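With compact mmCIF, C-alpha atoms inside, this is start-v7.txt:
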```txt
# COMPACT_ATOMS: atom_id res chain seq x y z
CA MET A 1 -37.12 -44.28 -4.07
CA ILE A 2 -37.79 -41.72 -1.35
CA ARG A 3 -35.75 -43.83 1.07
CA PHE A 4 -32.90 -43.92 -1.45
CA TYR A 5 -32.85 -40.12 -1.75
CA LYS A 6 -32.87 -39.78 2.02
CA MET A 7 -29.92 -42.14 2.27
CA LEU A 8 -28.12 -40.26 -0.54
CA ALA A 9 -28.72 -36.93 1.22
CA THR A 10 -27.36 -38.39 4.45
CA VAL A 11 -24.24 -39.68 2.70
CA VAL A 12 -23.70 -36.32 0.96
CA SER A 13 -24.10 -34.48 4.27
CA ILE A 14 -21.61 -36.77 6.01
CA CYS A 15 -19.10 -36.39 3.14
CA THR A 16 -19.54 -32.60 3.14
CA CYS A 17 -18.94 -32.43 6.89
CA CYS A 18 -15.86 -34.61 6.55
CA ILE A 19 -14.48 -32.42 3.74
CA LEU A 20 -15.14 -29.22 5.70
CA ASN A 21 -13.53 -30.67 8.80
CA ASP A 22 -10.54 -31.75 6.75
CA VAL A 23 -10.25 -28.29 5.14
CA GLN A 24 -10.48 -26.61 8.56
CA ALA A 25 -7.87 -28.97 9.97
CA GLN A 26 -5.54 -28.31 7.04
CA THR A 27 -6.13 -24.54 7.37
CA ALA A 28 -5.37 -24.66 11.10
CA GLU A 29 -2.28 -26.78 10.48
CA ARG A 30 -1.11 -24.39 7.76
CA ARG A 31 -1.66 -21.37 10.00
CA ASN A 32 0.22 -23.03 12.87
CA ALA A 33 3.11 -23.72 10.52
CA TYR A 34 3.04 -20.09 9.34
CA ASP A 35 2.95 -18.79 12.92
CA SER A 36 5.97 -20.91 13.83
CA LEU A 37 7.95 -19.24 11.03
CA LEU A 38 6.76 -15.69 11.70
CA VAL A 39 9.22 -13.48 13.56
CA GLY A 40 7.53 -10.83 15.70
CA ASP A 41 4.48 -8.69 15.04
CA ARG A 42 4.19 -6.50 11.96
CA ILE A 43 2.06 -3.59 10.84
CA THR A 44 1.26 -3.24 7.14
CA PRO A 45 0.00 0.35 6.67
CA ALA A 46 0.76 0.49 2.94
CA VAL A 47 3.65 -1.94 2.50
CA SER A 48 4.45 -5.34 3.98
CA SER A 49 7.82 -6.34 5.42
CA VAL A 50 6.73 -9.91 6.16
CA MET A 51 8.66 -12.59 4.29
CA MET A 52 6.49 -15.36 2.87
CA PRO A 53 7.67 -18.92 3.56
CA LYS A 54 7.80 -21.23 0.55
CA SER A 55 4.32 -22.03 -0.88
CA TYR A 56 2.60 -19.19 1.04
CA THR A 57 1.02 -16.27 -0.80
CA GLU A 58 0.32 -12.82 0.64
CA VAL A 59 -2.47 -10.72 -0.92
CA ILE A 60 -2.79 -7.03 -0.01
CA LEU A 61 -5.49 -4.68 -1.29
CA SER A 62 -4.69 -1.04 -0.53
CA ASN A 63 -7.32 1.64 -1.18
CA ALA A 64 -6.07 5.22 -0.81
CA LEU A 65 -8.06 8.45 -1.21
CA LEU A 66 -5.77 11.45 -1.74
CA THR A 67 -7.04 15.01 -2.00
CA THR A 68 -5.57 18.52 -2.08
CA ASN A 69 -6.72 22.10 -2.59
CA THR A 70 -3.71 23.96 -1.14
CA TYR A 71 -0.07 24.34 -2.09
CA PHE A 72 3.14 25.14 -0.19
CA THR A 73 5.31 27.76 -1.86
CA VAL A 74 9.11 27.86 -1.86
CA ASP A 75 8.82 29.87 1.37
CA HIS A 76 6.68 27.15 3.04
CA VAL A 77 3.56 29.35 2.83
CA SER A 78 0.27 27.51 2.32
CA LEU A 79 -1.84 29.00 -0.48
CA SER A 80 -5.23 28.01 -1.89
CA MET A 81 -5.09 26.49 -5.37
CA ASN A 82 -8.70 27.58 -6.10
CA GLN A 83 -9.21 24.02 -7.35
CA ARG A 84 -9.38 20.54 -5.86
CA TYR A 85 -7.56 17.43 -7.08
CA THR A 86 -8.70 14.06 -5.77
CA TYR A 87 -7.38 10.57 -6.57
CA PHE A 88 -8.59 7.15 -5.52
CA ILE A 89 -5.77 4.63 -5.92
CA ASN A 90 -6.42 0.89 -5.67
CA THR A 91 -3.33 -1.31 -5.49
CA LEU A 92 -3.43 -5.10 -5.47
CA GLN A 93 -0.18 -6.73 -4.33
CA VAL A 94 0.37 -10.48 -4.60
CA THR A 95 3.57 -11.90 -3.06
CA HIS A 96 4.62 -15.56 -3.16
CA GLY A 97 7.35 -17.40 -1.28
CA ILE A 98 9.54 -19.47 -3.58
CA ALA A 99 12.66 -20.16 -1.49
CA LYS A 100 12.87 -22.99 1.02
CA SER A 101 14.84 -20.68 3.30
CA GLY A 102 12.03 -18.11 3.18
CA ARG A 103 14.56 -15.42 2.22
CA PHE A 104 13.24 -14.60 -1.26
CA ASN A 105 9.75 -13.70 -2.50
CA VAL A 106 8.39 -12.64 -5.88
CA GLY A 107 5.30 -10.61 -6.56
CA LEU A 108 3.08 -8.61 -8.88
CA ASP A 109 1.40 -5.25 -8.28
CA PHE A 110 -1.64 -3.95 -10.15
CA SER A 111 -2.63 -0.28 -9.91
CA TYR A 112 -6.08 1.11 -10.77
CA ARG A 113 -6.56 4.86 -10.42
CA THR A 114 -9.44 7.30 -10.56
CA GLY A 115 -8.72 11.03 -10.68
CA ARG A 116 -10.86 14.16 -10.63
CA GLN A 117 -10.13 17.89 -10.92
CA ASP A 118 -12.80 20.33 -9.71
CA ILE A 119 -12.98 24.05 -10.33
CA GLU A 120 -14.06 24.73 -6.72
CA ALA A 121 -11.48 24.26 -3.97
CA ARG A 122 -14.28 23.45 -1.52
CA SER A 123 -15.70 20.64 -3.67
CA SER A 124 -16.18 17.36 -1.86
CA PRO A 125 -13.41 14.75 -2.36
CA MET A 126 -16.20 12.16 -2.45
CA LYS A 127 -17.12 13.35 -5.94
CA VAL A 128 -14.32 11.14 -7.24
CA PHE A 129 -16.66 8.17 -6.67
CA GLY A 130 -19.61 9.52 -8.67
CA ASN A 131 -20.52 11.11 -11.96
CA ASP A 132 -21.39 14.61 -10.75
CA SER A 133 -20.51 17.01 -13.58
CA LYS A 134 -20.98 20.20 -11.55
CA GLY A 135 -17.65 22.06 -11.39
CA LEU A 136 -15.85 19.21 -13.19
CA ILE A 137 -12.69 20.08 -15.13
CA GLN A 138 -11.24 16.62 -15.76
CA TYR A 139 -12.06 13.04 -14.78
CA GLU A 140 -10.06 9.91 -15.66
CA ARG A 141 -9.86 6.30 -14.53
CA ALA A 142 -7.78 3.37 -15.75
CA ILE A 143 -5.54 0.45 -14.90
CA THR A 144 -2.34 2.46 -14.95
CA SER A 145 0.55 0.07 -14.29
CA ILE A 146 1.76 -3.41 -13.46
CA GLY A 147 4.70 -3.88 -11.12
CA ILE A 148 7.13 -6.82 -11.07
CA ARG A 149 8.48 -7.17 -7.54
CA ALA A 150 11.12 -8.97 -5.49
CA ARG A 151 11.27 -9.04 -1.67
CA TYR A 152 14.32 -10.49 0.02
CA LEU A 153 16.49 -10.66 3.13
CA PRO A 154 20.00 -9.37 2.29
CA PHE A 155 21.41 -10.24 5.72
CA ALA A 156 20.86 -12.83 8.43
CA THR A 157 18.55 -10.60 10.47
CA PRO A 158 14.86 -11.06 9.61
CA ASN A 159 14.13 -7.46 10.69
CA PHE A 160 15.71 -5.85 7.62
CA VAL A 161 13.91 -6.45 4.32
CA VAL A 162 14.55 -5.06 0.85
CA GLN A 163 11.77 -4.78 -1.71
CA GLN A 164 12.23 -3.68 -5.32
CA THR A 165 9.49 -3.09 -7.88
CA PHE A 166 9.75 -2.31 -11.58
CA TYR A 167 6.62 -0.54 -12.84
CA ILE A 168 5.38 -0.91 -16.40
CA PRO A 169 2.82 1.76 -17.44
CA MET A 170 -0.24 0.52 -19.29
CA SER A 171 -0.52 3.64 -21.44
CA ALA A 172 2.86 5.37 -21.27
CA GLY A 173 2.82 9.04 -22.21
CA SER A 174 -0.94 9.34 -22.71
CA ASN A 175 -2.77 12.41 -21.37
CA GLN A 176 -4.94 10.09 -19.26
CA SER A 177 -1.99 8.40 -17.56
CA ILE A 178 -0.20 11.74 -17.05
CA PHE A 179 -3.25 13.13 -15.24
CA LEU A 180 -3.43 9.97 -13.11
CA GLY A 181 0.27 10.32 -12.24
CA ASP A 182 1.40 6.85 -13.34
CA ASN A 183 2.64 7.32 -16.88
CA ARG A 184 6.33 6.34 -16.90
CA TYR A 185 8.51 3.30 -16.39
CA ALA A 186 9.83 3.41 -12.84
CA LEU A 187 11.90 1.48 -10.32
CA ASN A 188 11.22 1.68 -6.59
CA THR A 189 13.66 0.34 -4.01
CA GLN A 190 12.32 0.08 -0.45
CA LEU A 191 14.38 -0.53 2.67
CA LEU A 192 12.15 -1.85 5.48
CA TYR A 193 13.32 -2.24 9.07
CA ASN A 194 11.48 -3.37 12.20
CA TYR A 195 12.96 -2.35 15.54
CA LEU A 196 11.62 -3.75 18.80
CA ILE A 197 11.63 -1.11 21.56
CA SER A 198 9.94 -3.24 24.19
CA ARG A 199 7.68 -6.26 24.37
CA LYS A 200 4.73 -4.24 23.11
CA MET A 201 6.27 -1.30 21.26
CA PHE A 202 8.18 -1.27 18.00
CA LEU A 203 9.22 1.00 15.16
CA PHE A 204 8.72 0.29 11.48
CA ILE A 205 11.10 2.36 9.33
CA GLN A 206 10.57 2.67 5.58
CA ALA A 207 12.95 4.43 3.17
CA ASP A 208 12.20 4.45 -0.56
CA LEU A 209 14.04 5.58 -3.66
CA LEU A 210 11.64 5.93 -6.58
CA VAL A 211 13.27 6.54 -9.97
CA ARG A 212 10.94 7.56 -12.78
CA PHE A 213 12.74 7.11 -16.08
CA ARG A 214 12.98 9.60 -18.91
CA ASP A 215 10.37 9.59 -21.65
CA ALA A 216 9.45 11.81 -24.60
CA ARG A 217 7.81 14.40 -22.33
CA ALA A 218 10.00 14.53 -19.24
CA ASN A 219 13.49 13.82 -17.93
CA ALA A 220 14.18 11.32 -15.18
CA ASP A 221 13.43 12.32 -11.59
CA PHE A 222 14.00 10.88 -8.13
CA THR A 223 11.78 10.76 -5.04
CA ASN A 224 12.94 9.70 -1.57
CA PRO A 225 10.22 9.23 1.09
CA ILE A 226 11.37 8.31 4.60
CA ASN A 227 8.64 7.28 7.04
CA VAL A 228 8.78 6.11 10.65
CA PHE A 229 5.81 4.28 12.17
CA ALA A 230 5.59 3.79 15.94
CA SER A 231 3.23 0.97 16.92
CA TYR A 232 1.87 -0.29 20.24
CA LEU A 233 0.47 -3.79 20.69
CA MET A 234 -2.62 -2.86 22.70
CA THR A 235 -3.84 -6.46 22.48
CA LYS A 236 -2.94 -9.40 20.27
CA HIS A 237 -5.55 -8.07 17.83
CA ILE A 238 -5.35 -4.26 18.03
CA PHE A 239 -2.26 -2.29 16.94
CA PRO A 240 -2.60 1.53 16.98
CA PHE A 241 0.24 3.37 15.26
CA ALA A 242 1.50 6.88 14.45
CA LEU A 243 3.48 8.13 11.46
CA ILE A 244 6.00 10.89 10.87
CA GLY A 245 7.63 11.27 7.47
CA MET A 246 9.65 13.41 5.08
CA THR A 247 9.79 13.28 1.27
CA ASN A 248 12.37 14.91 -1.02
CA SER A 249 12.37 15.04 -4.81
CA TRP A 250 15.09 15.91 -7.32
CA ASP A 251 15.26 16.32 -11.06
CA TYR A 252 17.78 14.55 -13.31
CA ASN A 253 20.52 17.04 -12.35
CA PHE A 254 19.85 16.30 -8.67
CA ASP A 255 18.67 19.85 -8.12
CA HIS A 256 16.26 19.92 -5.19
CA THR A 257 12.73 20.51 -6.51
CA ARG A 258 10.24 19.52 -3.80
CA GLN A 259 10.04 18.68 -0.11
CA TYR A 260 7.21 17.96 2.30
CA PHE A 261 6.60 16.60 5.81
CA THR A 262 3.80 14.27 6.87
CA TYR A 263 2.14 13.08 10.04
CA GLY A 264 -0.48 10.36 10.42
CA VAL A 265 -2.34 8.00 12.73
CA GLY A 266 -3.83 4.58 12.17
CA MET A 267 -5.16 1.35 13.59
CA GLN A 268 -4.58 -2.24 12.55
CA TYR A 269 -6.89 -5.06 13.57
CA GLN A 270 -5.39 -8.53 13.40
CA PHE A 271 -8.02 -11.27 13.22
CA ASN A 272 -5.06 -13.65 13.14
CA THR A 273 -1.53 -13.53 11.74
CA MET A 274 -2.86 -14.42 8.27
CA PHE A 275 -5.67 -11.86 8.11
CA THR A 276 -5.44 -8.18 9.05
CA VAL A 277 -7.24 -4.93 8.27
CA ASN A 278 -5.82 -1.45 8.81
CA LEU A 279 -7.02 2.13 8.52
CA PHE A 280 -4.87 5.24 8.60
CA TYR A 281 -4.99 8.96 7.92
CA SER A 282 -2.06 11.17 6.96
CA ASN A 283 -1.64 14.87 6.25
CA VAL A 284 1.15 16.97 4.74
CA PHE A 285 1.67 19.69 7.35
CA SER A 286 4.61 21.58 5.82
CA GLY A 287 6.44 21.70 2.53
CA GLU A 288 8.25 23.47 -0.27
CA ASN A 289 6.92 23.49 -3.85
CA SER A 290 4.48 20.73 -2.88
CA ASN A 291 0.79 20.05 -2.52
CA GLN A 292 -0.80 19.68 0.90
CA TRP A 293 -2.16 16.17 0.44
CA LYS A 294 -4.56 14.49 2.84
CA THR A 295 -4.73 10.71 2.58
CA PHE A 296 -7.24 8.17 3.86
CA ASN A 297 -6.21 4.53 3.46
CA LEU A 298 -7.94 1.18 3.95
CA GLY A 299 -5.77 -1.91 3.67
CA ILE A 300 -6.71 -5.60 3.74
CA ARG A 301 -4.07 -8.32 4.02
CA LYS A 302 -4.64 -12.07 3.65
CA VAL A 303 -2.12 -14.91 3.58
CA LEU A 304 -3.10 -18.00 1.61
```

Mind turning the file's structure into structure tokens?
Amino acid sequence: MIRFYKMLATVVSICTCCILNDVQAQTAERRNAYDSLLVGDRITPAVSSVMMPKSYTEVILSNALLTTNTYFTVDHVSLSMNQRYTYFINTLQVTHGIAKSGRFNVGLDFSYRTGRQDIEARSSPMKVFGNDSKGLIQYERAITSIGIRARYLPFATPNFVVQQTFYIPMSAGSNQSIFLGDNRYALNTQLLYNYLISRKMFLFIQADLLVRFRDARANADFTNPINVFASYLMTKHIFPFALIGMTNSWDYNFDHTRQYFTYGVGMQYQFNTMFTVNLFYSNVFSGENSNQWKTFNLGIRKVL
């Protein structure tokens, strides 16, 4: 009997090794096929412009900490708010290639938000992660929205990608969702363009038009962020990048209501083309009728 179990264990070990080898071989073959279809290097600071070939799935988890305790007046003067607002926004994006040509992807976005308002402007932003009641004015957390998304190539060039997402709020109009800033049906159209400057330097240009639709509490409004990322391929694994951006907002009459300017720096580490991690920091350095937000972002991207 003991000999039988030894033989069984040997057979199981051999089968396990064979299965693992086969899985590794299939994974390597799948990655080689993906690499052969990939055009150029890409950074994915908070949005991906990489088209998924048919049967491939891209998963991105973006974790952003936003905090503010100052405000820019209409005269671009920075004033203390005597309070601190902090939000931790977790966004899971799943994108799947469905077209044989690789020119059309579909996806879903899930947003989970935590928000905190403190009475002291000098309160730590890290309080958003705990249950410290000292100085607390309001604290909320919830799954706030689901987005239905399409990513596609409108022209022959693979460098220009359009992405459109329709957001469905989980609790439209509630005080909780209003505080968390994700309380209305919305449509975001993103124009994404990669421009190669040299063999190791490229620009990633992102222009959005976010339309938040009218509800019982507010009229429709429009937000147009334009961001330019300059990236340098230090090695095949390390991509440092810098950001400069401008955001304008209008109400339903297209009267200008808010404007701010942003700078940022980041680093992306590419384990391979199917697995990357990036970190970046951004800061609003000037504005009109806008908060001076500071943002810290950790993004993880995996292709399956």

Worksheet item: Near Gln138 (chain A), within 8 Å and counting only C-alpha atoms, which residues show up once chain neighbours fewer than 2 positions away are dropped, as a VMD selection string?
Response: chain A and resid 115 to 118 136 140

The selected residues should be written to file as a compact mmCIF listing (two decimals), keeping the file's coordinate frame (atoms: C-alpha atoms).
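Writing done, so here's again-v4.txt:
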```
# COMPACT_ATOMS: atom_id res chain seq x y z
CA GLY A 115 -8.72 11.03 -10.68
CA ARG A 116 -10.86 14.16 -10.63
CA GLN A 117 -10.13 17.89 -10.92
CA ASP A 118 -12.80 20.33 -9.71
CA LEU A 136 -15.85 19.21 -13.19
CA GLU A 140 -10.06 9.91 -15.66
```

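Between CA of Thr257 (chain A) and CA of Leu209 (chain A) the interatomic distance comes to 15.3 Å.
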
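Going from CA of Asn159 (chain A) to CA of Ile89 (chain A) covers 28.6 Å.
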
| field | Neighbours of point (13.2, 19.8, -5.9) within 12 Å, using only C-alpha atoms, written as a VMD selection string | value | chain A and resid 73 to 74 221 to 224 247 to 260 287 to 290

CA of Asn63 (chain A) to CA of Thr44 (chain A) measures 12.9 Å
